[in-house]
>>> print(open('model.cif').read())   # mmCIF, C-alpha atoms
data_target
#
loop_
_atom_site.label_atom_id
_atom_site.label_comp_id
_atom_site.auth_asym_id
_atom_site.auth_seq_id
_atom_site.Cartn_x
_atom_site.Cartn_y
_atom_site.Cartn_z
CA MET A 157 -20.18 -3.70 27.08
CA ASN A 158 -19.27 -5.49 23.89
CA LEU A 159 -16.93 -8.38 24.15
CA GLY A 160 -14.10 -8.03 21.67
CA SER A 161 -14.89 -4.47 20.59
CA TYR A 162 -12.07 -1.95 20.41
CA LEU A 163 -12.28 0.79 23.03
CA PRO A 164 -10.18 3.84 22.10
CA GLY A 165 -7.58 5.09 24.58
CA ASP A 166 -4.12 6.58 24.82
CA SER A 167 -2.48 4.22 27.30
CA LEU A 168 0.85 2.47 26.78
CA VAL A 169 -1.10 -0.75 26.18
CA HIS A 170 -3.17 0.96 23.47
CA ARG A 171 -0.09 2.40 21.81
CA ALA A 172 1.93 -0.84 21.80
CA PRO A 173 2.16 -2.35 18.29
CA ALA A 174 -0.44 -5.05 17.59
CA GLY A 175 2.26 -7.55 16.61
CA VAL A 176 4.08 -7.08 19.93
CA LYS A 177 0.84 -7.61 21.87
CA LEU A 178 -0.02 -10.75 19.92
CA VAL A 179 3.49 -12.20 20.35
CA LEU A 180 3.45 -11.42 24.09
CA LEU A 181 0.04 -13.03 24.39
CA ALA A 182 1.05 -16.17 22.49
CA VAL A 183 4.45 -16.58 24.18
CA GLY A 184 3.09 -15.72 27.64
CA LEU A 185 0.20 -18.18 27.46
CA LEU A 186 2.40 -20.89 26.00
CA ALA A 187 4.99 -20.42 28.77
CA LEU A 188 2.25 -20.39 31.38
CA GLY A 189 0.88 -23.62 29.94
CA VAL A 190 4.30 -25.29 30.05
CA PHE A 191 5.36 -23.97 33.49
CA ARG A 192 1.96 -24.07 35.14
CA SER A 193 2.15 -23.74 38.91
CA PRO A 194 0.43 -21.68 41.62
CA TRP A 195 3.33 -19.20 41.54
CA THR A 196 3.49 -18.70 37.77
CA VAL A 197 -0.27 -18.33 37.51
CA THR A 198 -0.24 -15.81 40.38
CA VAL A 199 2.52 -13.78 38.71
CA ALA A 200 0.71 -13.93 35.35
CA ALA A 201 -2.54 -12.84 36.99
CA VAL A 202 -0.85 -9.88 38.68
CA LEU A 203 0.88 -8.83 35.43
CA THR A 204 -2.34 -9.17 33.40
CA LEU A 205 -4.33 -7.20 35.97
CA ALA A 206 -1.61 -4.54 36.03
CA ALA A 207 -1.82 -4.30 32.24
CA GLY A 208 -5.59 -4.09 32.54
CA ILE A 209 -5.38 -1.25 35.06
CA ALA A 210 -2.79 0.48 32.87
CA THR A 211 -5.27 0.59 29.97
CA GLY A 212 -7.33 3.06 31.99
CA LEU A 213 -10.54 1.44 30.76
CA GLY A 214 -11.84 0.68 34.24
CA ALA A 215 -12.92 -2.36 36.24
CA ARG A 216 -16.20 -2.71 34.32
CA VAL A 217 -14.37 -3.38 31.07
CA LEU A 218 -12.01 -5.89 32.70
CA TRP A 219 -14.95 -7.66 34.32
CA ALA A 220 -16.80 -7.80 30.98
CA GLN A 221 -13.91 -9.75 29.46
CA ILE A 222 -14.05 -12.63 31.94
CA ARG A 223 -17.74 -12.64 32.83
CA PRO A 224 -18.82 -14.83 29.87
CA VAL A 225 -16.46 -17.65 30.96
CA LEU A 226 -17.27 -17.64 34.69
CA LEU A 227 -19.82 -20.44 34.38
CA VAL A 228 -17.44 -22.60 32.36
CA SER A 229 -14.67 -21.80 34.85
CA ALA A 230 -16.88 -22.93 37.74
CA VAL A 231 -17.66 -26.22 35.99
CA VAL A 232 -13.99 -26.80 35.11
CA GLY A 233 -12.97 -25.84 38.66
CA ALA A 234 -15.44 -28.27 40.26
CA PHE A 235 -14.26 -31.05 37.96
CA GLN A 236 -10.62 -30.31 38.78
CA VAL A 237 -11.30 -30.26 42.54
CA TRP A 238 -12.83 -33.72 42.21
CA LEU A 239 -10.05 -34.94 39.91
CA SER A 240 -6.86 -33.31 41.27
CA GLY A 241 -7.67 -31.30 44.38
CA PRO A 242 -8.26 -27.62 45.14
CA VAL A 243 -4.74 -26.33 44.39
CA GLN A 244 -4.69 -27.81 40.88
CA ALA A 245 -8.25 -26.55 40.35
CA ALA A 246 -7.18 -23.01 41.30
CA VAL A 247 -4.21 -23.23 38.91
CA VAL A 248 -6.33 -24.44 35.96
CA VAL A 249 -9.12 -21.91 36.53
CA GLY A 250 -6.57 -19.14 37.14
CA TRP A 251 -4.79 -20.00 33.89
CA LEU A 252 -8.09 -19.97 32.00
CA LEU A 253 -9.14 -16.59 33.41
CA VAL A 254 -5.69 -15.07 32.78
CA ALA A 255 -5.79 -16.32 29.18
CA VAL A 256 -9.27 -14.88 28.55
CA LEU A 257 -8.48 -11.56 30.24
CA ALA A 258 -5.16 -11.18 28.39
CA ALA A 259 -6.78 -11.98 25.03
CA GLY A 260 -9.61 -9.55 25.86
CA LEU A 261 -7.11 -6.81 26.68
CA VAL A 262 -5.46 -7.26 23.28
CA THR A 263 -8.78 -6.93 21.43
CA VAL A 264 -10.14 -3.97 23.42
CA THR A 265 -6.91 -1.98 23.05
CA THR A 266 -6.20 -2.75 19.39
CA PRO A 267 -8.32 -1.66 16.40
CA LEU A 268 -9.30 -4.73 14.41
CA PRO A 269 -7.54 -3.62 11.18
CA ARG A 270 -4.22 -3.41 13.12
CA LEU A 271 -4.83 -6.88 14.54
CA LEU A 272 -5.61 -8.19 11.07
CA ASP A 273 -2.48 -6.58 9.63
CA ALA A 274 -0.43 -8.29 12.34
CA VAL A 275 -2.11 -11.64 11.66
CA VAL A 276 -1.50 -11.27 7.91
CA THR A 277 2.18 -10.53 8.59
CA ALA A 278 2.52 -13.40 11.05
CA ALA A 279 0.80 -15.84 8.73
CA GLY A 280 2.86 -14.65 5.71
CA PRO A 281 5.29 -17.62 5.73
CA LEU A 282 2.32 -20.00 5.55
CA ARG A 283 1.78 -18.91 1.92
CA ARG A 284 4.46 -21.46 1.00
CA VAL A 285 2.19 -24.26 2.19
CA GLY A 286 -0.88 -22.87 0.44
CA VAL A 287 -2.42 -20.89 3.32
CA ASP A 288 -3.77 -17.46 2.37
CA PRO A 289 -2.94 -15.04 5.25
CA GLU A 290 -5.75 -12.68 4.17
CA ARG A 291 -8.21 -15.54 4.60
CA VAL A 292 -6.85 -16.26 8.08
CA ALA A 293 -7.32 -12.60 9.02
CA LEU A 294 -10.80 -12.55 7.54
CA LEU A 295 -11.70 -15.65 9.53
CA LEU A 296 -10.59 -13.87 12.69
CA ALA A 297 -12.62 -10.78 11.81
CA LEU A 298 -15.72 -12.85 11.08
CA ALA A 299 -15.37 -14.68 14.38
CA VAL A 300 -15.23 -11.37 16.27
CA ARG A 301 -18.13 -9.95 14.25
CA SER A 302 -20.28 -13.06 14.76
CA VAL A 303 -20.21 -12.93 18.57
CA PRO A 304 -22.77 -10.11 18.97
CA VAL A 305 -24.85 -11.37 16.03
CA VAL A 306 -25.24 -14.88 17.46
CA ALA A 307 -25.85 -13.38 20.93
CA GLY A 308 -28.65 -11.30 19.38
CA LEU A 309 -30.11 -14.38 17.68
CA ALA A 310 -30.03 -16.23 21.02
CA ARG A 311 -31.83 -13.32 22.68
CA ASP A 312 -34.54 -13.29 19.98
CA VAL A 313 -35.04 -17.06 20.24
CA GLN A 314 -35.23 -16.87 24.02
CA GLU A 315 -37.88 -14.14 23.84
CA ALA A 316 -39.86 -16.13 21.27
CA ARG A 317 -39.62 -19.22 23.48
CA ILE A 318 -40.94 -17.34 26.51
CA ALA A 319 -43.70 -15.66 24.47
CA ARG A 320 -44.92 -19.10 23.35
CA GLY A 321 -44.89 -20.48 26.88
CA GLU A 322 -41.89 -22.77 26.30
CA GLY A 323 -39.63 -20.94 28.75
CA ARG A 324 -37.81 -24.05 30.00
CA SER A 325 -37.62 -26.12 26.84
CA VAL A 326 -34.01 -26.68 25.74
CA ARG A 327 -35.21 -28.01 22.39
CA ALA A 328 -37.33 -24.89 21.77
CA PHE A 329 -34.17 -22.85 22.29
CA ALA A 330 -31.48 -24.94 20.59
CA VAL A 331 -33.27 -25.91 17.36
CA PRO A 332 -34.30 -22.43 16.19
CA LEU A 333 -30.95 -20.98 17.33
CA VAL A 334 -29.00 -23.50 15.25
CA ILE A 335 -31.29 -22.93 12.24
CA ARG A 336 -31.00 -19.16 12.49
CA THR A 337 -27.23 -19.33 12.96
CA VAL A 338 -26.80 -21.56 9.91
CA ARG A 339 -29.07 -19.25 7.91
CA TYR A 340 -27.00 -16.25 9.06
CA ALA A 341 -23.80 -18.05 8.01
CA ASP A 342 -25.33 -18.81 4.63
CA ARG A 343 -26.34 -15.20 4.03
CA LEU A 344 -22.97 -13.95 5.28
CA GLY A 345 -21.24 -16.24 2.79
CA GLU A 346 -23.38 -14.86 0.00
CA ALA A 347 -22.65 -11.29 1.11
CA LEU A 348 -18.91 -12.00 1.15
CA ALA A 349 -19.16 -13.40 -2.36
CA ALA A 350 -21.07 -10.27 -3.44
CA ARG A 351 -18.26 -8.14 -2.00
CA GLY A 352 -15.73 -10.02 -4.09
CA VAL A 353 -14.03 -12.09 -1.38
CA ASP A 354 -13.95 -15.16 -3.61
CA ASP A 355 -12.40 -13.06 -6.36
CA ASP A 356 -9.27 -12.10 -4.38
CA MET B 472 -24.98 3.45 -18.81
CA THR B 473 -23.83 -0.11 -18.38
CA ARG B 474 -25.58 -2.61 -20.66
CA LEU B 475 -27.01 -5.56 -18.75
CA VAL B 476 -28.22 -8.38 -20.96
CA ILE B 477 -30.28 -11.32 -19.76
CA ASP B 478 -30.36 -13.68 -22.71
CA ASP B 479 -32.98 -16.44 -22.73
CA VAL B 480 -32.39 -17.28 -19.08
CA SER B 481 -34.14 -20.03 -17.17
CA HIS B 482 -33.22 -21.21 -13.71
CA ALA B 483 -34.20 -23.97 -11.31
CA PHE B 484 -33.24 -24.80 -7.73
CA GLY B 485 -33.41 -28.58 -7.87
CA GLU B 486 -36.82 -29.43 -9.26
CA ARG B 487 -38.26 -25.98 -8.59
CA ARG B 488 -38.17 -23.69 -11.62
CA VAL B 489 -37.86 -20.07 -10.52
CA LEU B 490 -37.14 -18.28 -13.82
CA ARG B 491 -38.47 -19.18 -17.27
CA ASP B 492 -37.25 -17.88 -20.64
CA ILE B 493 -36.28 -14.38 -19.53
CA SER B 494 -34.74 -12.04 -22.10
CA LEU B 495 -34.07 -8.43 -21.14
CA VAL B 496 -31.67 -5.66 -22.13
CA ILE B 497 -31.27 -3.05 -19.40
CA THR B 498 -29.61 0.27 -20.13
CA GLU B 499 -31.79 2.68 -18.12
CA GLN B 500 -30.47 4.46 -15.03
CA ARG B 501 -33.33 3.55 -12.69
CA VAL B 502 -34.98 0.17 -13.03
CA GLY B 503 -37.40 -1.48 -10.63
CA ILE B 504 -38.22 -5.19 -10.41
CA VAL B 505 -41.47 -6.17 -8.69
CA GLY B 506 -43.36 -9.41 -8.18
CA GLY B 507 -45.00 -11.51 -5.53
CA ASN B 508 -43.13 -13.78 -3.13
CA GLY B 509 -41.50 -16.60 -5.06
CA SER B 510 -41.82 -14.82 -8.41
CA GLY B 511 -38.06 -15.11 -9.04
CA LYS B 512 -37.17 -11.43 -8.70
CA SER B 513 -34.41 -11.93 -6.09
CA THR B 514 -32.87 -14.74 -8.15
CA LEU B 515 -32.91 -12.50 -11.22
CA ALA B 516 -31.23 -9.70 -9.25
CA ARG B 517 -28.55 -12.09 -7.94
CA MET B 518 -27.76 -13.11 -11.51
CA LEU B 519 -26.74 -9.56 -12.35
CA ASN B 520 -23.52 -9.78 -10.35
CA GLY B 521 -22.96 -13.50 -10.75
CA LEU B 522 -24.11 -14.61 -7.30
CA VAL B 523 -26.44 -17.05 -9.07
CA LEU B 524 -25.51 -18.52 -12.45
CA PRO B 525 -28.42 -19.36 -14.78
CA SER B 526 -29.25 -23.01 -15.46
CA THR B 527 -29.66 -22.10 -19.12
CA GLY B 528 -29.05 -18.91 -21.10
CA ARG B 529 -26.53 -16.25 -20.12
CA VAL B 530 -26.19 -12.93 -18.34
CA THR B 531 -23.68 -10.32 -19.51
CA VAL B 532 -22.57 -6.95 -18.18
CA ASP B 533 -21.11 -4.80 -20.95
CA GLY B 534 -20.21 -8.01 -22.74
CA LEU B 535 -18.66 -9.74 -19.69
CA ASP B 536 -20.29 -13.10 -18.99
CA THR B 537 -21.19 -13.83 -15.35
CA ARG B 538 -20.15 -17.45 -15.92
CA ARG B 539 -16.57 -16.54 -16.89
CA ASP B 540 -15.97 -13.04 -15.56
CA GLY B 541 -17.65 -13.07 -12.14
CA GLY B 542 -14.79 -11.24 -10.40
CA LYS B 543 -14.65 -8.43 -12.97
CA ILE B 544 -18.43 -8.09 -12.91
CA ARG B 545 -18.61 -7.89 -9.10
CA ARG B 546 -16.16 -4.98 -9.22
CA ARG B 547 -18.61 -3.17 -11.49
CA VAL B 548 -21.93 -4.31 -10.05
CA GLY B 549 -22.44 -3.79 -6.31
CA PHE B 550 -25.14 -5.72 -4.45
CA VAL B 551 -27.16 -4.70 -1.39
CA PHE B 552 -29.14 -7.36 0.48
CA THR B 553 -32.43 -7.13 2.36
CA ASP B 554 -30.89 -7.84 5.75
CA PRO B 555 -27.92 -5.57 6.44
CA ASP B 556 -26.90 -7.70 9.44
CA ALA B 557 -25.85 -10.44 7.06
CA GLN B 558 -23.95 -8.01 4.85
CA ILE B 559 -21.94 -6.17 7.50
CA VAL B 560 -18.74 -8.13 7.91
CA MET B 561 -16.59 -6.11 10.30
CA PRO B 562 -17.30 -5.21 13.93
CA THR B 563 -17.27 -1.42 13.62
CA VAL B 564 -18.79 0.98 11.11
CA ALA B 565 -15.50 2.37 9.75
CA GLU B 566 -13.89 -1.07 9.61
CA ASP B 567 -16.73 -2.42 7.51
CA VAL B 568 -16.39 0.36 4.94
CA ALA B 569 -12.59 -0.09 4.95
CA PHE B 570 -13.04 -3.83 4.32
CA SER B 571 -14.50 -3.02 0.89
CA LEU B 572 -11.32 -1.14 0.00
CA ARG B 573 -8.89 -3.90 1.00
CA ARG B 574 -7.95 -4.56 -2.64
CA ALA B 575 -7.30 -0.89 -3.41
CA HIS B 576 -3.91 -1.00 -1.60
CA LEU B 577 -4.31 2.50 -0.19
CA SER B 578 -2.09 4.06 2.47
CA ARG B 579 -3.60 4.27 5.95
CA GLU B 580 -4.22 8.01 5.49
CA GLU B 581 -5.89 7.56 2.09
CA LEU B 582 -7.99 4.70 3.43
CA ALA B 583 -9.13 6.72 6.45
CA ASP B 584 -9.93 9.68 4.19
CA ARG B 585 -12.02 7.57 1.77
CA VAL B 586 -13.87 5.93 4.66
CA THR B 587 -14.60 9.24 6.40
CA LYS B 588 -15.87 10.86 3.20
CA ALA B 589 -18.10 7.86 2.44
CA LEU B 590 -19.58 7.92 5.95
CA GLU B 591 -20.05 11.70 5.90
CA ARG B 592 -22.12 11.34 2.74
CA VAL B 593 -24.72 9.23 4.56
CA GLY B 594 -24.50 10.97 7.94
CA LEU B 595 -22.69 8.12 9.70
CA ALA B 596 -19.33 9.82 10.27
CA GLY B 597 -20.18 10.32 13.94
CA HIS B 598 -20.65 6.56 14.30
CA ALA B 599 -17.37 5.54 12.67
CA ASP B 600 -15.96 3.73 15.71
CA HIS B 601 -19.29 2.39 16.96
CA PRO B 602 -20.08 -1.35 16.87
CA ALA B 603 -22.04 -1.87 13.66
CA HIS B 604 -24.57 -4.19 15.29
CA LEU B 605 -25.69 -1.40 17.64
CA LEU B 606 -26.84 0.86 14.80
CA SER B 607 -30.56 1.24 14.06
CA GLY B 608 -32.02 -0.79 11.17
CA GLY B 609 -31.93 2.21 8.84
CA GLN B 610 -28.37 3.10 9.81
CA LYS B 611 -27.28 -0.50 9.20
CA GLN B 612 -28.80 -0.44 5.73
CA LEU B 613 -27.13 2.91 5.02
CA LEU B 614 -23.84 1.37 6.17
CA ALA B 615 -24.38 -1.69 3.95
CA ILE B 616 -25.04 0.59 0.95
CA THR B 617 -22.05 2.79 1.83
CA SER B 618 -19.77 -0.24 2.05
CA VAL B 619 -20.77 -1.10 -1.51
CA LEU B 620 -20.69 2.46 -2.87
CA VAL B 621 -17.21 3.21 -1.50
CA THR B 622 -15.78 0.96 -4.23
CA SER B 623 -17.50 3.15 -6.86
CA PRO B 624 -19.45 0.46 -8.72
CA GLU B 625 -21.07 1.45 -12.01
CA VAL B 626 -24.27 -0.39 -11.12
CA LEU B 627 -25.99 -0.91 -7.77
CA VAL B 628 -28.43 -3.81 -7.40
CA CYS B 629 -30.58 -3.70 -4.25
CA ASP B 630 -32.71 -6.64 -3.15
CA GLU B 631 -35.61 -5.27 -1.10
CA PRO B 632 -33.44 -2.70 0.70
CA THR B 633 -36.35 -1.17 2.63
CA THR B 634 -38.36 -4.26 3.53
CA LEU B 635 -37.08 -4.52 7.11
CA LEU B 636 -37.18 -0.77 7.77
CA ASP B 637 -39.78 1.50 9.34
CA ALA B 638 -41.21 4.42 7.36
CA ARG B 639 -38.58 6.96 8.50
CA ASN B 640 -35.59 4.69 7.84
CA SER B 641 -37.17 3.60 4.57
CA ARG B 642 -37.40 7.25 3.47
CA GLN B 643 -33.73 7.75 4.36
CA VAL B 644 -32.62 4.83 2.21
CA THR B 645 -34.98 5.82 -0.62
CA HIS B 646 -33.60 9.36 -0.56
CA LEU B 647 -30.04 8.04 -0.75
CA LEU B 648 -30.81 5.73 -3.68
CA ALA B 649 -32.65 8.51 -5.53
CA GLY B 650 -29.60 10.78 -5.42
CA LEU B 651 -27.02 8.28 -6.67
CA PRO B 652 -25.30 8.95 -9.99
CA GLN B 653 -24.98 5.19 -10.59
CA GLN B 654 -27.30 2.94 -12.54
CA VAL B 655 -29.60 1.48 -9.86
CA LEU B 656 -31.76 -1.64 -10.04
CA VAL B 657 -34.10 -2.17 -7.12
CA VAL B 658 -36.13 -5.24 -6.25
CA THR B 659 -38.91 -4.04 -3.98
CA HIS B 660 -42.47 -4.28 -2.72
CA HIS B 661 -42.27 -0.55 -1.98
CA LEU B 662 -44.08 0.63 -5.12
CA ARG B 663 -43.88 4.34 -4.36
CA LEU B 664 -40.10 4.10 -4.59
CA LEU B 665 -40.48 3.19 -8.26
CA GLU B 666 -42.77 6.00 -9.37
CA GLU B 667 -39.89 8.19 -10.52
CA PHE B 668 -37.96 5.31 -12.10
CA ASP B 669 -37.31 4.92 -15.84
CA ARG B 670 -38.57 1.36 -16.16
CA VAL B 671 -40.31 -1.30 -14.10
CA ILE B 672 -40.21 -5.04 -14.79
CA VAL B 673 -42.98 -7.20 -13.31
CA LEU B 674 -42.36 -10.90 -12.67
CA ASP B 675 -44.92 -13.57 -11.95
CA GLU B 676 -44.10 -17.25 -11.49
CA GLY B 677 -40.68 -16.76 -13.04
CA ARG B 678 -41.87 -14.95 -16.16
CA VAL B 679 -41.82 -11.30 -17.20
CA VAL B 680 -45.48 -10.27 -17.39
CA ALA B 681 -44.96 -6.53 -17.77
CA ASP B 682 -42.02 -4.36 -18.76
CA ASP B 683 -42.88 -0.71 -19.13
CA VAL B 684 -42.70 2.79 -17.70
CA PRO B 685 -43.64 2.78 -13.98
CA GLN B 686 -47.26 3.87 -14.27
CA ALA B 687 -48.23 1.19 -16.81
CA ALA B 688 -46.15 -1.57 -15.23
CA LEU B 689 -47.37 -0.86 -11.71
CA THR B 690 -51.00 -0.75 -12.87
CA ARG B 691 -50.48 -4.20 -14.36
CA TYR B 692 -48.82 -5.39 -11.14
CA ARG B 693 -51.63 -4.06 -8.94
CA ALA B 694 -54.17 -5.84 -11.17
CA LEU B 695 -52.11 -9.02 -10.88
CA ILE B 696 -52.02 -9.05 -7.09
CA GLY B 697 -55.63 -7.98 -6.84
#
>>> encode(input="model.cif", output="structure tokens")
Amino acid sequence: MNLGSYLPGDSLVHRAPAGVKLVLLAVGLLALGVFRSPWTVTVAAVLTLAAGIATGLGARVLWAQIRPVLLVSAVVGAFQVWLSGPVQAAVVVGWLLVAVLAAGLVTVTTPLPRLLDAVVTAAGPLRRVGVDPERVALLLALAVRSVPVVAGLARDVQEARIARGEGRSVRAFAVPLVIRTVRYADRLGEALAARGVDDD
Amino acid sequence: MTRLVIDDVSHAFGERRVLRDISLVITEQRVGIVGGNGSGKSTLARMLNGLVLPSTGRVTVDGLDTRRDGGKIRRRVGFVFTDPDAQIVMPTVAEDVAFSLRRAHLSREELADRVTKALERVGLAGHADHPAHLLSGGQKQLLAITSVLVTSPEVLVCDEPTTLLDARNSRQVTHLLAGLPQQVLVVTHHLRLLEEFDRVIVLDEGRVVADDVPQAALTRYRALIG
């Protein structure tokens, strides 16, 4: 399962315009942040799950969206229990998981070019203050594209670390991963230049 | 054919000189560039579409100077890198090819048609909606080449396009390059690829040490590397 990859389908969620989905996501998460309570988070969770079921993509896909943040959620939850109690912890963790699942549903039901078109349209007014909407969209695309690449680099580094008997060394993992990621970013920048991105 | 002129070019990265006094005029359809590691061949290739600007001298493409007309030159000279992973920008196969056409302002139907035809040409049409990073090494390189070719460049410069590929994938890429109507310049260690070329340039320590038809140039290169 690839986080952030579009999965074709014919559901109502798939067919909804990308702009509508992005606006709903932004407004919904903002409202949930402002009016955060056990009830609002519960309602948002039910609605997001209902939307997830309506996509027809199955439980495995929904699970794949939130699985990468479960560890972070557990850490945040434990911290919140210590800081504010179990109810507040449940609200914060619930809000986080709803946000990740909702964002995941938008990306798996919307082809990236449609998302980019919507971002370009939404960022259009920012031209007046010198922001290039195409650049904003490209940044989004590169972020999505870089997730599996960096995950692959991490896997390679981990295998190399184990092969050299440094299976538990954080340094033997972090240093080569950072170097490889920076090198990848450098080559990607060169490739973008070769494809004329700087010439737009 | 497009006329590529490298006029008395030298180049250094900091204190390290990588190219020295290179002058070449390239008008042939198939040109190979060979040399050992660090001989300057990749830097020379990058100069042909303005990715690297020479420290001294100048590089022109049909009279356009890479220093002034980089954008125009990059529309005419496509570049393929060794590692396709660094060249593929978009998450899926079709999206990456479509990304190259973003400046063409095509309708959705036209765009989809151009992308499909480009992918059909290299046998990747069945993978259009697949995540690009899940393709095999050879398929990724074919995708990287397709994403450049879809913009119909007059010249294709490839920097070691088969180095990371196994023999089967290497053959696939070689076959594709051999059939292109464009002017193609290939930097490679894969000497067999160059046997049918029109011209081979051999670099050593930043200098041109042979510039001839493949048989003569490759004989010189083999003698050089022992």
>>> atom_distance(input="model.cif", atom1="atom CA of B:Ala599", atom2="atom CA of B:Glu566")
8.1 Å
>>> resolve_selection(input="model.cif", expression="the PyMOL selection byres ((chain A) within 12 of (chain B))", output="MDAnalysis selection string")
chainID A and resid 157:164 263:264 267:273 290 293:309 336:356
>>> closest_residue(input="model.cif", among="B:Gln610, B:Asp669, B:Thr617, B:Arg639", to="B:Val586", atoms="only C-alpha atoms")
B:Thr617
>>> atom_distance(input="model.cif", atom1="atom CA of B:Leu662", atom2="atom CA of B:Pro685")
9.1 Å
>>> atom_distance(input="model.cif", atom1="atom CA of A:Thr265", atom2="atom CA of A:Ile222")
15.6 Å
>>> resolve_selection(input="model.cif", expression="the PyMOL selection byres ((chain B and resi 588) around 12)", output="list in words")
Ala565, Val568, Ala569, Glu581, Leu582, Ala583, Asp584, Arg585, Val586, Thr587, Ala589, Leu590, Glu591, Arg592, Val593, Gly594, Leu595, Ala596, Gly597, Ala599, Thr617, Ser618, Leu620 and Val621 of chain B
>>> resolve_selection(input="model.cif", expression="the PyMOL selection byres ((chain A and resi 169) around 12)", output="PyMOL selection string")
chain A and resi 163-168+170-174+176-178+180+204+206-213+258+261-266
>>> write_last_selection(input="model.cif", atoms="C-alpha atoms", output="PDB file, in the coordinates of the input")
ATOM      1  CA  LEU A 163     -12.280   0.790  23.030  1.00  0.00           C
ATOM      2  CA  PRO A 164     -10.180   3.840  22.100  1.00  0.00           C
ATOM      3  CA  GLY A 165      -7.580   5.090  24.580  1.00  0.00           C
ATOM      4  CA  ASP A 166      -4.120   6.580  24.820  1.00  0.00           C
ATOM      5  CA  SER A 167      -2.480   4.220  27.300  1.00  0.00           C
ATOM      6  CA  LEU A 168       0.850   2.470  26.780  1.00  0.00           C
ATOM      7  CA  HIS A 170      -3.170   0.960  23.470  1.00  0.00           C
ATOM      8  CA  ARG A 171      -0.090   2.400  21.810  1.00  0.00           C
ATOM      9  CA  ALA A 172       1.930  -0.840  21.800  1.00  0.00           C
ATOM     10  CA  PRO A 173       2.160  -2.350  18.290  1.00  0.00           C
ATOM     11  CA  ALA A 174      -0.440  -5.050  17.590  1.00  0.00           C
ATOM     12  CA  VAL A 176       4.080  -7.080  19.930  1.00  0.00           C
ATOM     13  CA  LYS A 177       0.840  -7.610  21.870  1.00  0.00           C
ATOM     14  CA  LEU A 178      -0.020 -10.750  19.920  1.00  0.00           C
ATOM     15  CA  LEU A 180       3.450 -11.420  24.090  1.00  0.00           C
ATOM     16  CA  THR A 204      -2.340  -9.170  33.400  1.00  0.00           C
ATOM     17  CA  ALA A 206      -1.610  -4.540  36.030  1.00  0.00           C
ATOM     18  CA  ALA A 207      -1.820  -4.300  32.240  1.00  0.00           C
ATOM     19  CA  GLY A 208      -5.590  -4.090  32.540  1.00  0.00           C
ATOM     20  CA  ILE A 209      -5.380  -1.250  35.060  1.00  0.00           C
ATOM     21  CA  ALA A 210      -2.790   0.480  32.870  1.00  0.00           C
ATOM     22  CA  THR A 211      -5.270   0.590  29.970  1.00  0.00           C
ATOM     23  CA  GLY A 212      -7.330   3.060  31.990  1.00  0.00           C
ATOM     24  CA  LEU A 213     -10.540   1.440  30.760  1.00  0.00           C
ATOM     25  CA  ALA A 258      -5.160 -11.180  28.390  1.00  0.00           C
ATOM     26  CA  LEU A 261      -7.110  -6.810  26.680  1.00  0.00           C
ATOM     27  CA  VAL A 262      -5.460  -7.260  23.280  1.00  0.00           C
ATOM     28  CA  THR A 263      -8.780  -6.930  21.430  1.00  0.00           C
ATOM     29  CA  VAL A 264     -10.140  -3.970  23.420  1.00  0.00           C
ATOM     30  CA  THR A 265      -6.910  -1.980  23.050  1.00  0.00           C
ATOM     31  CA  THR A 266      -6.200  -2.750  19.390  1.00  0.00           C
TER      32      THR A 266
END
>>> closest_residue(input="model.cif", among="A:Ile335, A:Leu253, A:Thr277, A:Arg216", to="A:Val228", atoms="only C-alpha atoms")
A:Leu253
>>> residues_around(input="model.cif", residues="stretch 673-684 of chain B", least_positions_apart="3", cutoff="8 Å", atoms="only C-alpha atoms", output="JSON list (two decimals) with C-alpha atoms, in the frame of the given file")
[["chain", "number", "residue", "atom", "x", "y", "z"],
["B", 488, "ARG", "CA", -38.17, -23.69, -11.62],
["B", 489, "VAL", "CA", -37.86, -20.07, -10.52],
["B", 490, "LEU", "CA", -37.14, -18.28, -13.82],
["B", 491, "ARG", "CA", -38.47, -19.18, -17.27],
["B", 492, "ASP", "CA", -37.25, -17.88, -20.64],
["B", 493, "ILE", "CA", -36.28, -14.38, -19.53],
["B", 504, "ILE", "CA", -38.22, -5.19, -10.41],
["B", 505, "VAL", "CA", -41.47, -6.17, -8.69],
["B", 506, "GLY", "CA", -43.36, -9.41, -8.18],
["B", 507, "GLY", "CA", -45.00, -11.51, -5.53],
["B", 509, "GLY", "CA", -41.50, -16.60, -5.06],
["B", 510, "SER", "CA", -41.82, -14.82, -8.41],
["B", 511, "GLY", "CA", -38.06, -15.11, -9.04],
["B", 512, "LYS", "CA", -37.17, -11.43, -8.70],
["B", 668, "PHE", "CA", -37.96, 5.31, -12.10],
["B", 669, "ASP", "CA", -37.31, 4.92, -15.84],
["B", 670, "ARG", "CA", -38.57, 1.36, -16.16],
["B", 687, "ALA", "CA", -48.23, 1.19, -16.81],
["B", 688, "ALA", "CA", -46.15, -1.57, -15.23],
["B", 689, "LEU", "CA", -47.37, -0.86, -11.71],
["B", 691, "ARG", "CA", -50.48, -4.20, -14.36],
["B", 692, "TYR", "CA", -48.82, -5.39, -11.14]]
>>> residues_around(input="model.cif", residues="A:Leu252", least_positions_apart="4", cutoff="9 Å", atoms="all atoms listed in the file", output="PyMOL selection string")
chain A and resi 225+229+247-248+256-257
>>> residues_near_point(input="model.cif", point="(-25.2, 2.2, -18.4)", cutoff="9 Å", atoms="all atoms listed in the file", output="list in words")
Met472, Thr473, Arg474, Leu475, Ile497, Thr498, Glu499, Gln500, Asp533, Glu625, Val626, Gln653 and Gln654 of chain B
